[in-house]
file target.txt (compact mmCIF, C-alpha atoms)
# COMPACT_ATOMS: atom_id res chain seq x y z
CA MET A 1 36.08 19.58 22.38
CA PRO A 2 35.75 19.98 26.14
CA GLY A 3 36.23 23.51 27.36
CA ALA A 4 35.86 25.08 23.94
CA ALA A 5 33.27 27.83 24.00
CA ARG A 6 30.46 27.54 21.45
CA PRO A 7 29.96 30.86 19.73
CA VAL A 8 26.34 30.13 18.80
CA GLN A 9 23.87 27.63 20.27
CA ARG A 10 23.15 25.61 17.16
CA PRO A 11 20.71 22.71 17.05
CA VAL A 12 22.49 19.39 17.48
CA SER A 13 21.62 16.25 15.58
CA PRO A 14 19.29 13.91 17.47
CA HIS A 15 20.98 11.33 19.65
CA LEU A 16 19.27 7.96 19.50
CA SER A 17 19.50 7.52 23.29
CA ILE A 18 17.39 10.60 23.98
CA TRP A 19 15.14 10.27 20.95
CA ARG A 20 11.48 10.03 21.80
CA TRP A 21 8.71 8.48 19.77
CA HIS A 22 6.39 10.97 18.20
CA ILE A 23 3.15 10.35 16.42
CA THR A 24 4.20 11.51 12.94
CA MET A 25 7.10 9.03 13.04
CA ALA A 26 4.77 6.21 14.07
CA ALA A 27 2.38 7.28 11.29
CA SER A 28 5.14 7.11 8.70
CA ILE A 29 6.33 3.67 9.83
CA LEU A 30 2.75 2.35 9.96
CA HIS A 31 2.17 3.63 6.42
CA ARG A 32 5.00 1.42 5.17
CA VAL A 33 3.99 -1.57 7.32
CA THR A 34 0.37 -1.42 6.13
CA GLY A 35 1.65 -1.05 2.56
CA VAL A 36 3.52 -4.34 2.88
CA GLY A 37 0.41 -5.86 4.50
CA LEU A 38 -1.74 -4.76 1.57
CA TYR A 39 0.86 -6.22 -0.83
CA LEU A 40 0.23 -9.60 0.84
CA ALA A 41 -3.52 -8.93 0.72
CA ALA A 42 -3.33 -8.39 -3.06
CA ILE A 43 -1.59 -11.77 -3.40
CA LEU A 44 -4.34 -13.38 -1.28
CA MET A 45 -7.04 -11.62 -3.31
CA THR A 46 -5.55 -13.08 -6.50
CA VAL A 47 -5.58 -16.55 -4.88
CA TRP A 48 -9.23 -15.92 -3.90
CA LEU A 49 -10.17 -15.02 -7.52
CA ILE A 50 -8.31 -18.03 -8.95
CA ALA A 51 -10.14 -20.27 -6.45
CA ILE A 52 -13.51 -18.82 -7.51
CA ALA A 53 -12.64 -19.45 -11.16
CA SER A 54 -11.46 -23.00 -10.35
CA GLY A 55 -14.67 -24.17 -8.67
CA PRO A 56 -16.18 -25.19 -5.31
CA GLU A 57 -13.53 -27.80 -4.44
CA ALA A 58 -10.67 -25.33 -4.89
CA TYR A 59 -12.65 -22.75 -2.91
CA ALA A 60 -13.36 -25.03 0.11
CA PRO A 61 -10.10 -24.28 1.99
CA ILE A 62 -10.69 -20.54 1.51
CA ASN A 63 -14.18 -20.85 3.00
CA LEU A 64 -12.62 -22.71 5.93
CA LEU A 65 -9.97 -20.02 6.39
CA LEU A 66 -12.44 -17.10 6.16
CA THR A 67 -14.72 -18.61 8.82
CA SER A 68 -11.87 -19.47 11.23
CA TRP A 69 -10.75 -17.01 13.90
CA VAL A 70 -7.46 -16.56 12.02
CA GLY A 71 -9.38 -15.50 8.93
CA GLN A 72 -11.65 -13.18 10.92
CA VAL A 73 -8.70 -11.48 12.61
CA GLY A 74 -6.97 -11.31 9.22
CA LEU A 75 -10.01 -9.63 7.64
CA TYR A 76 -10.15 -7.09 10.50
CA LEU A 77 -6.45 -6.30 10.02
CA LEU A 78 -6.92 -6.12 6.24
CA VAL A 79 -9.76 -3.58 6.47
CA ALA A 80 -7.84 -1.67 9.17
CA SER A 81 -4.68 -1.61 7.01
CA LEU A 82 -6.63 -0.44 3.98
CA ALA A 83 -8.42 2.25 6.01
CA TYR A 84 -5.12 3.42 7.48
CA HIS A 85 -3.24 3.45 4.17
CA PHE A 86 -6.24 5.26 2.63
CA ALA A 87 -6.35 8.00 5.29
CA GLN A 88 -2.58 8.30 5.27
CA GLY A 89 -2.57 8.46 1.45
CA VAL A 90 -5.05 11.35 1.49
CA ARG A 91 -2.88 12.99 4.18
CA HIS A 92 0.15 12.74 1.90
CA LEU A 93 -1.75 14.11 -1.10
CA VAL A 94 -2.60 17.13 1.09
CA PHE A 95 1.07 17.37 2.14
CA ASP A 96 2.00 17.42 -1.56
CA THR A 97 0.13 20.72 -1.89
CA ALA A 98 2.32 22.12 0.95
CA ARG A 99 -0.64 22.20 3.36
CA GLY A 100 -1.04 20.57 6.78
CA LEU A 101 2.70 20.49 7.46
CA LYS A 102 2.74 22.52 10.68
CA PRO A 103 3.62 20.17 13.58
CA VAL A 104 0.24 20.64 15.27
CA ASP A 105 -1.64 19.87 12.04
CA ALA A 106 0.60 16.94 11.07
CA ASP A 107 0.18 15.45 14.58
CA ALA A 108 -3.60 15.81 14.40
CA SER A 109 -3.88 14.20 10.95
CA ALA A 110 -1.59 11.35 12.05
CA TRP A 111 -3.83 10.64 15.05
CA PHE A 112 -6.87 10.84 12.81
CA ALA A 113 -5.44 8.22 10.43
CA ILE A 114 -4.70 5.83 13.31
CA LEU A 115 -8.11 6.27 14.96
CA PHE A 116 -9.83 5.95 11.56
CA ALA A 117 -8.01 2.64 10.98
CA ILE A 118 -9.28 1.27 14.30
CA ALA A 119 -12.82 2.59 13.83
CA ALA A 120 -13.40 1.75 10.13
CA PRO A 121 -13.57 -2.07 10.44
CA ILE A 122 -15.72 -1.78 13.59
CA GLY A 123 -17.98 0.69 11.80
CA LEU A 124 -18.28 -1.57 8.76
CA TRP A 125 -19.11 -4.55 10.99
CA ALA A 126 -21.68 -2.51 12.96
CA PHE A 127 -23.28 -1.24 9.75
CA LEU A 128 -23.56 -4.76 8.32
CA SER A 129 -24.88 -6.20 11.59
CA PHE A 130 -27.32 -3.52 12.72
CA GLY A 131 -27.60 -0.86 10.02
CA ARG A 132 -29.71 -2.70 7.48
CA MET B 1 29.49 17.35 -17.01
CA ALA B 2 32.08 19.98 -17.80
CA LYS B 3 31.39 21.79 -14.52
CA ASP B 4 34.44 21.98 -12.27
CA SER B 5 34.08 21.30 -8.59
CA ALA B 6 34.16 25.00 -7.77
CA SER B 7 30.81 25.64 -9.47
CA SER B 8 29.16 22.28 -8.72
CA MET B 9 27.73 20.98 -5.46
CA ARG B 10 29.04 17.50 -6.26
CA THR B 11 32.31 16.32 -4.80
CA PRO B 12 35.08 15.13 -7.12
CA LEU B 13 34.75 11.58 -5.68
CA GLY B 14 30.99 11.58 -6.27
CA ARG B 15 31.52 12.66 -9.85
CA VAL B 16 34.14 9.98 -10.49
CA LYS B 17 31.88 7.25 -9.06
CA GLY B 18 29.07 8.47 -11.29
CA HIS B 19 26.42 8.46 -8.57
CA GLY B 20 23.52 10.85 -8.76
CA SER B 21 19.97 11.14 -10.01
CA GLY B 22 18.69 8.33 -12.22
CA HIS B 23 16.34 10.88 -13.81
CA GLY B 24 13.39 8.50 -13.43
CA GLY B 25 12.05 9.86 -10.15
CA THR B 26 9.40 12.21 -11.49
CA GLY B 27 7.55 9.49 -13.39
CA HIS B 28 7.61 7.29 -10.27
CA PHE B 29 6.29 10.14 -8.12
CA ILE B 30 3.45 10.98 -10.51
CA GLY B 31 2.57 7.30 -11.10
CA GLU B 32 2.28 6.68 -7.37
CA ARG B 33 0.02 9.70 -6.86
CA VAL B 34 -2.24 9.11 -9.88
CA SER B 35 -2.76 5.45 -8.92
CA SER B 36 -3.45 6.53 -5.33
CA ILE B 37 -6.19 8.89 -6.53
CA ALA B 38 -7.78 6.00 -8.47
CA LEU B 39 -7.54 3.82 -5.36
CA ILE B 40 -9.30 6.45 -3.22
CA ILE B 41 -12.40 5.56 -5.25
CA LEU B 42 -11.78 1.87 -6.03
CA GLY B 43 -10.64 0.73 -2.56
CA PRO B 44 -13.69 1.85 -0.55
CA TRP B 45 -15.98 0.81 -3.43
CA PHE B 46 -14.67 -2.76 -3.26
CA VAL B 47 -14.79 -3.09 0.54
CA ILE B 48 -18.33 -1.70 0.82
CA THR B 49 -19.74 -3.53 -2.24
CA ALA B 50 -18.13 -6.84 -1.27
CA ALA B 51 -19.40 -6.50 2.31
CA LEU B 52 -22.95 -5.65 1.16
CA GLU B 53 -23.27 -8.20 -1.65
CA MET B 54 -21.47 -11.24 -0.20
CA HIS B 55 -23.65 -12.34 2.69
CA ASP B 56 -21.45 -15.29 3.65
CA PRO B 57 -17.96 -16.59 2.77
CA SER B 58 -19.40 -19.46 0.63
CA PHE B 59 -18.34 -20.29 -2.92
CA VAL B 60 -21.79 -19.42 -4.35
CA SER B 61 -21.78 -15.94 -2.77
CA ALA B 62 -18.28 -15.22 -4.06
CA LEU B 63 -19.14 -16.52 -7.54
CA ASP B 64 -22.33 -14.40 -7.70
CA PHE B 65 -20.36 -11.34 -6.61
CA VAL B 66 -17.62 -11.67 -9.23
CA ASN B 67 -20.01 -12.87 -11.98
CA ASP B 68 -21.45 -9.40 -12.58
CA PRO B 69 -20.35 -6.90 -15.26
CA VAL B 70 -19.97 -3.88 -12.96
CA ASN B 71 -18.23 -5.84 -10.21
CA ALA B 72 -15.94 -7.56 -12.73
CA VAL B 73 -14.83 -4.27 -14.30
CA GLY B 74 -14.43 -2.72 -10.84
CA ILE B 75 -12.31 -5.62 -9.58
CA ILE B 76 -10.09 -5.51 -12.71
CA LEU B 77 -9.59 -1.75 -12.30
CA LEU B 78 -8.92 -2.16 -8.57
CA LEU B 79 -6.31 -4.84 -9.20
CA ALA B 80 -4.65 -2.94 -12.05
CA ALA B 81 -4.33 0.23 -9.95
CA SER B 82 -3.36 -1.68 -6.78
CA LEU B 83 -0.70 -3.84 -8.43
CA TYR B 84 0.83 -0.84 -10.19
CA HIS B 85 0.77 1.18 -6.95
CA MET B 86 2.22 -1.61 -4.80
CA CYS B 87 4.90 -2.41 -7.40
CA LEU B 88 6.10 1.20 -7.12
CA GLY B 89 5.84 1.13 -3.32
CA MET B 90 7.75 -2.13 -2.89
CA GLN B 91 10.42 -0.84 -5.28
CA VAL B 92 11.06 2.07 -2.89
CA ILE B 93 11.21 -0.28 0.12
CA VAL B 94 13.77 -2.52 -1.64
CA GLU B 95 15.83 0.51 -2.71
CA ASP B 96 15.72 1.86 0.87
CA TYR B 97 16.86 -1.28 2.69
CA ILE B 98 18.77 -3.52 0.23
CA HIS B 99 22.08 -2.07 -0.90
CA LYS B 100 24.01 -5.04 -2.29
CA PRO B 101 23.76 -4.75 -6.09
CA LEU B 102 22.91 -8.41 -6.77
CA GLY B 103 20.29 -8.74 -4.02
CA LYS B 104 18.73 -5.40 -4.90
CA THR B 105 18.53 -6.19 -8.60
CA LEU B 106 17.06 -9.65 -7.95
CA LEU B 107 14.42 -8.34 -5.52
CA LEU B 108 13.45 -5.49 -7.86
CA ALA B 109 13.04 -8.01 -10.69
CA VAL B 110 11.01 -10.42 -8.50
CA ASN B 111 8.77 -7.54 -7.37
CA PHE B 112 8.15 -6.35 -10.92
CA LEU B 113 7.56 -9.83 -12.37
CA LEU B 114 5.34 -10.89 -9.44
CA CYS B 115 3.08 -7.86 -9.91
CA ILE B 116 2.75 -8.57 -13.65
CA ALA B 117 2.03 -12.27 -12.99
CA LEU B 118 -0.57 -11.45 -10.32
CA ALA B 119 -2.28 -9.00 -12.69
CA ALA B 120 -2.44 -11.56 -15.51
CA ALA B 121 -3.71 -14.36 -13.23
CA ALA B 122 -6.30 -12.23 -11.40
CA ILE B 123 -7.70 -10.60 -14.55
CA TYR B 124 -7.86 -13.98 -16.31
CA ALA B 125 -9.72 -15.43 -13.30
CA VAL B 126 -12.30 -12.59 -13.30
CA LEU B 127 -12.87 -12.96 -17.06
CA HIS B 128 -13.11 -16.76 -16.75
CA VAL B 129 -15.82 -16.46 -14.07
CA ASN B 130 -17.78 -14.03 -16.27
CA PHE B 131 -17.37 -15.70 -19.68
CA SER B 132 -17.24 -19.44 -18.93
CA GLY B 133 -21.00 -19.53 -19.48
CA ASP B 134 -22.23 -21.70 -16.66

call {"tool": "encode", "arguments": {"input": "target.txt", "output": "structure tokens"}}
result
Amino acid sequence: MPGAARPVQRPVSPHLSIWRWHITMAASILHRVTGVGLYLAAILMTVWLIAIASGPEAYAPINLLLTSWVGQVGLYLLVASLAYHFAQGVRHLVFDTARGLKPVDADASAWFAILFAIAAPIGLWAFLSFGR
Amino acid sequence: MAKDSASSMRTPLGRVKGHGSGHGGTGHFIGERVSSIALIILGPWFVITAALEMHDPSFVSALDFVNDPVNAVGIILLLAASLYHMCLGMQVIVEDYIHKPLGKTLLLAVNFLLCIALAAAAIYAVLHVNFSGD
């Protein structure tokens, strides 16, 4: 009501027009997105196992896919999604013990999960290429 | 249910419509966490072992990898934990976004049945590779 004096300055609910992105929100959304991605990956892994059990002819298209750039990008995203969901899962298990919930800690662990997801597939590739 | 609205937090309308806890949430919560703890071990194990033991994406490499007792048991455990975990996770996503009763019920049923079917097919495939004897 215009003109009415507010007795106490109470926090107002967030307005979508002035809402800003913050890292814990992005982390939460990414957790769900990578979860759906890994759901698809589990379907593809089942197809992969059925193809192995079915023989070389059934496996040929999978070999083709894995060696194509689409397959290579897909594998990078798969390992990144798994690494992210893994780090984020550990983060949530820590949250369940009522630890790490202060904004500064939650922000730091969210950044860690995202950076870990980017670094893990590169690290795995580097280890396989140069580490042995 | 004999509580009157003065002593209950629920509104009279909410009580009439019968909405409220389904009393199945605790099992869901614990199941999700226990399977996630199993996947902390099984997920990295699979990625690292598969990357180390399969030198190329060929059929022979894949067959050699799966045709191994430890790898076979590991893959079956990974799939069992993953499919259980993702069935619970997708259930939450459907319940969050789909509110029409028919669509929600259908999607929940498809999710549940798909996870069971994937588990049966994948475990059969792993056993077939290991026990077909050639």

call {"tool": "atom_distance", "arguments": {"input": "target.txt", "atom1": "CA of Leu49 (chain A)", "atom2": "CA of Val126 (chain B)"}}
result
6.6 Å

call {"tool": "interface_residues", "arguments": {"input": "target.txt", "of": "chain A", "to": "chain B", "cutoff": "6 Å", "atoms": "all atoms listed in the file", "output": "ChimeraX atom specification"}}
result
/A:46,49-50,53,56,63

call {"tool": "atom_distance", "arguments": {"input": "target.txt", "atom1": "CA of Ala98 (chain A)", "atom2": "CA of His22 (chain A)"}}
result
20.9 Å

call {"tool": "axis_aligned_box", "arguments": {"input": "target.txt", "around": "region 124-130 of chain A", "padding_each_side": "5 Å", "output": "AutoDock Vina command-line options"}}
result
--center_x -22.8 --center_y -3.7 --center_z 10.6 --size_x 19.0 --size_y 15.0 --size_z 14.6

call {"tool": "atom_distance", "arguments": {"input": "target.txt", "atom1": "CA of Leu113 (chain B)", "atom2": "CA of Ala58 (chain A)"}}
result
25.1 Å

call {"tool": "residues_near_point", "arguments": {"input": "target.txt", "point": "(-5.6, -10.7, 0.3)", "cutoff": "12 Å", "atoms": "only C-alpha atoms", "output": "number ranges by chain"}}
result
A: 36-49, 62, 65-66, 71, 74-79, 81-82; B: 47, 79, 82, 118, 122

call {"tool": "residues_around", "arguments": {"input": "target.txt", "residues": "region 112-125 of chain A", "least_positions_apart": "4", "cutoff": "6 Å", "atoms": "all atoms listed in the file", "output": "list in words"}}
result
Val79, Ala80, Ala83, Tyr84, Ala87 and Gln88 of chain A

call {"tool": "residues_near_point", "arguments": {"input": "target.txt", "point": "(0.1, 4.1, 8.4)", "cutoff": "6 Å", "atoms": "only C-alpha atoms", "output": "number ranges by chain"}}
result
A: 27-28, 30-31, 34, 84-85, 88

call {"tool": "build_atoms", "arguments": {"input": "target.txt", "residues": "region 57-90 of chain A", "atoms": "N, CA and C atoms", "output": "compact mmCIF listing (two decimals), in the coordinates of the input"}}
result
# COMPACT_ATOMS: atom_id res chain seq x y z
N GLU A 57 -14.52 -27.00 -5.18
CA GLU A 57 -13.53 -27.80 -4.44
C GLU A 57 -12.28 -26.97 -4.13
N ALA A 58 -11.84 -26.20 -5.11
CA ALA A 58 -10.67 -25.33 -4.89
C ALA A 58 -10.99 -24.25 -3.87
N TYR A 59 -12.28 -23.84 -3.79
CA TYR A 59 -12.65 -22.75 -2.91
C TYR A 59 -12.83 -23.21 -1.46
N ALA A 60 -13.05 -24.52 -1.24
CA ALA A 60 -13.36 -25.03 0.11
C ALA A 60 -12.36 -24.60 1.18
N PRO A 61 -11.04 -24.72 0.94
CA PRO A 61 -10.10 -24.28 1.99
C PRO A 61 -10.20 -22.79 2.30
N ILE A 62 -10.57 -21.98 1.29
CA ILE A 62 -10.69 -20.54 1.51
C ILE A 62 -11.89 -20.25 2.40
N ASN A 63 -13.00 -20.97 2.15
CA ASN A 63 -14.18 -20.85 3.00
C ASN A 63 -13.83 -21.18 4.44
N LEU A 64 -13.06 -22.27 4.60
CA LEU A 64 -12.62 -22.71 5.93
C LEU A 64 -11.79 -21.63 6.61
N LEU A 65 -10.85 -21.05 5.83
CA LEU A 65 -9.97 -20.02 6.39
C LEU A 65 -10.77 -18.77 6.79
N LEU A 66 -11.69 -18.33 5.90
CA LEU A 66 -12.44 -17.10 6.16
C LEU A 66 -13.33 -17.21 7.39
N THR A 67 -13.82 -18.44 7.67
CA THR A 67 -14.72 -18.61 8.82
C THR A 67 -13.96 -18.91 10.11
N SER A 68 -12.65 -19.21 10.01
CA SER A 68 -11.87 -19.47 11.23
C SER A 68 -11.52 -18.15 11.92
N TRP A 69 -11.09 -18.25 13.18
CA TRP A 69 -10.75 -17.01 13.90
C TRP A 69 -9.53 -16.34 13.28
N VAL A 70 -8.62 -17.15 12.70
CA VAL A 70 -7.46 -16.56 12.02
C VAL A 70 -7.92 -15.69 10.85
N GLY A 71 -8.86 -16.24 10.07
CA GLY A 71 -9.38 -15.50 8.93
C GLY A 71 -10.12 -14.24 9.35
N GLN A 72 -10.88 -14.34 10.44
CA GLN A 72 -11.65 -13.18 10.92
C GLN A 72 -10.72 -12.07 11.41
N VAL A 73 -9.69 -12.47 12.16
CA VAL A 73 -8.70 -11.48 12.61
C VAL A 73 -7.98 -10.89 11.40
N GLY A 74 -7.64 -11.76 10.44
CA GLY A 74 -6.97 -11.31 9.22
C GLY A 74 -7.80 -10.30 8.46
N LEU A 75 -9.14 -10.56 8.36
CA LEU A 75 -10.01 -9.63 7.64
C LEU A 75 -10.09 -8.29 8.37
N TYR A 76 -10.14 -8.34 9.73
CA TYR A 76 -10.15 -7.09 10.50
C TYR A 76 -8.89 -6.29 10.20
N LEU A 77 -7.73 -6.98 10.26
CA LEU A 77 -6.45 -6.30 10.02
C LEU A 77 -6.37 -5.77 8.58
N LEU A 78 -6.95 -6.55 7.65
CA LEU A 78 -6.92 -6.12 6.24
C LEU A 78 -7.71 -4.83 6.06
N VAL A 79 -8.94 -4.79 6.61
CA VAL A 79 -9.76 -3.58 6.47
C VAL A 79 -9.10 -2.42 7.22
N ALA A 80 -8.52 -2.72 8.40
CA ALA A 80 -7.84 -1.67 9.17
C ALA A 80 -6.64 -1.13 8.39
N SER A 81 -5.85 -2.04 7.79
CA SER A 81 -4.68 -1.61 7.01
C SER A 81 -5.10 -0.76 5.83
N LEU A 82 -6.17 -1.20 5.14
CA LEU A 82 -6.63 -0.44 3.98
C LEU A 82 -7.13 0.94 4.41
N ALA A 83 -7.90 0.97 5.52
CA ALA A 83 -8.42 2.25 6.01
C ALA A 83 -7.27 3.18 6.40
N TYR A 84 -6.26 2.60 7.06
CA TYR A 84 -5.12 3.42 7.48
C TYR A 84 -4.35 3.96 6.28
N HIS A 85 -4.02 3.05 5.34
CA HIS A 85 -3.24 3.45 4.17
C HIS A 85 -4.02 4.47 3.33
N PHE A 86 -5.35 4.32 3.33
CA PHE A 86 -6.24 5.26 2.63
C PHE A 86 -6.15 6.65 3.26
N ALA A 87 -6.38 6.71 4.59
CA ALA A 87 -6.35 8.00 5.29
C ALA A 87 -4.97 8.65 5.18
N GLN A 88 -3.95 7.82 5.33
CA GLN A 88 -2.58 8.30 5.27
C GLN A 88 -2.24 8.77 3.85
N GLY A 89 -2.79 8.08 2.84
CA GLY A 89 -2.57 8.46 1.45
C GLY A 89 -3.17 9.83 1.16
N VAL A 90 -4.41 10.04 1.65
CA VAL A 90 -5.05 11.35 1.49
C VAL A 90 -4.22 12.41 2.20
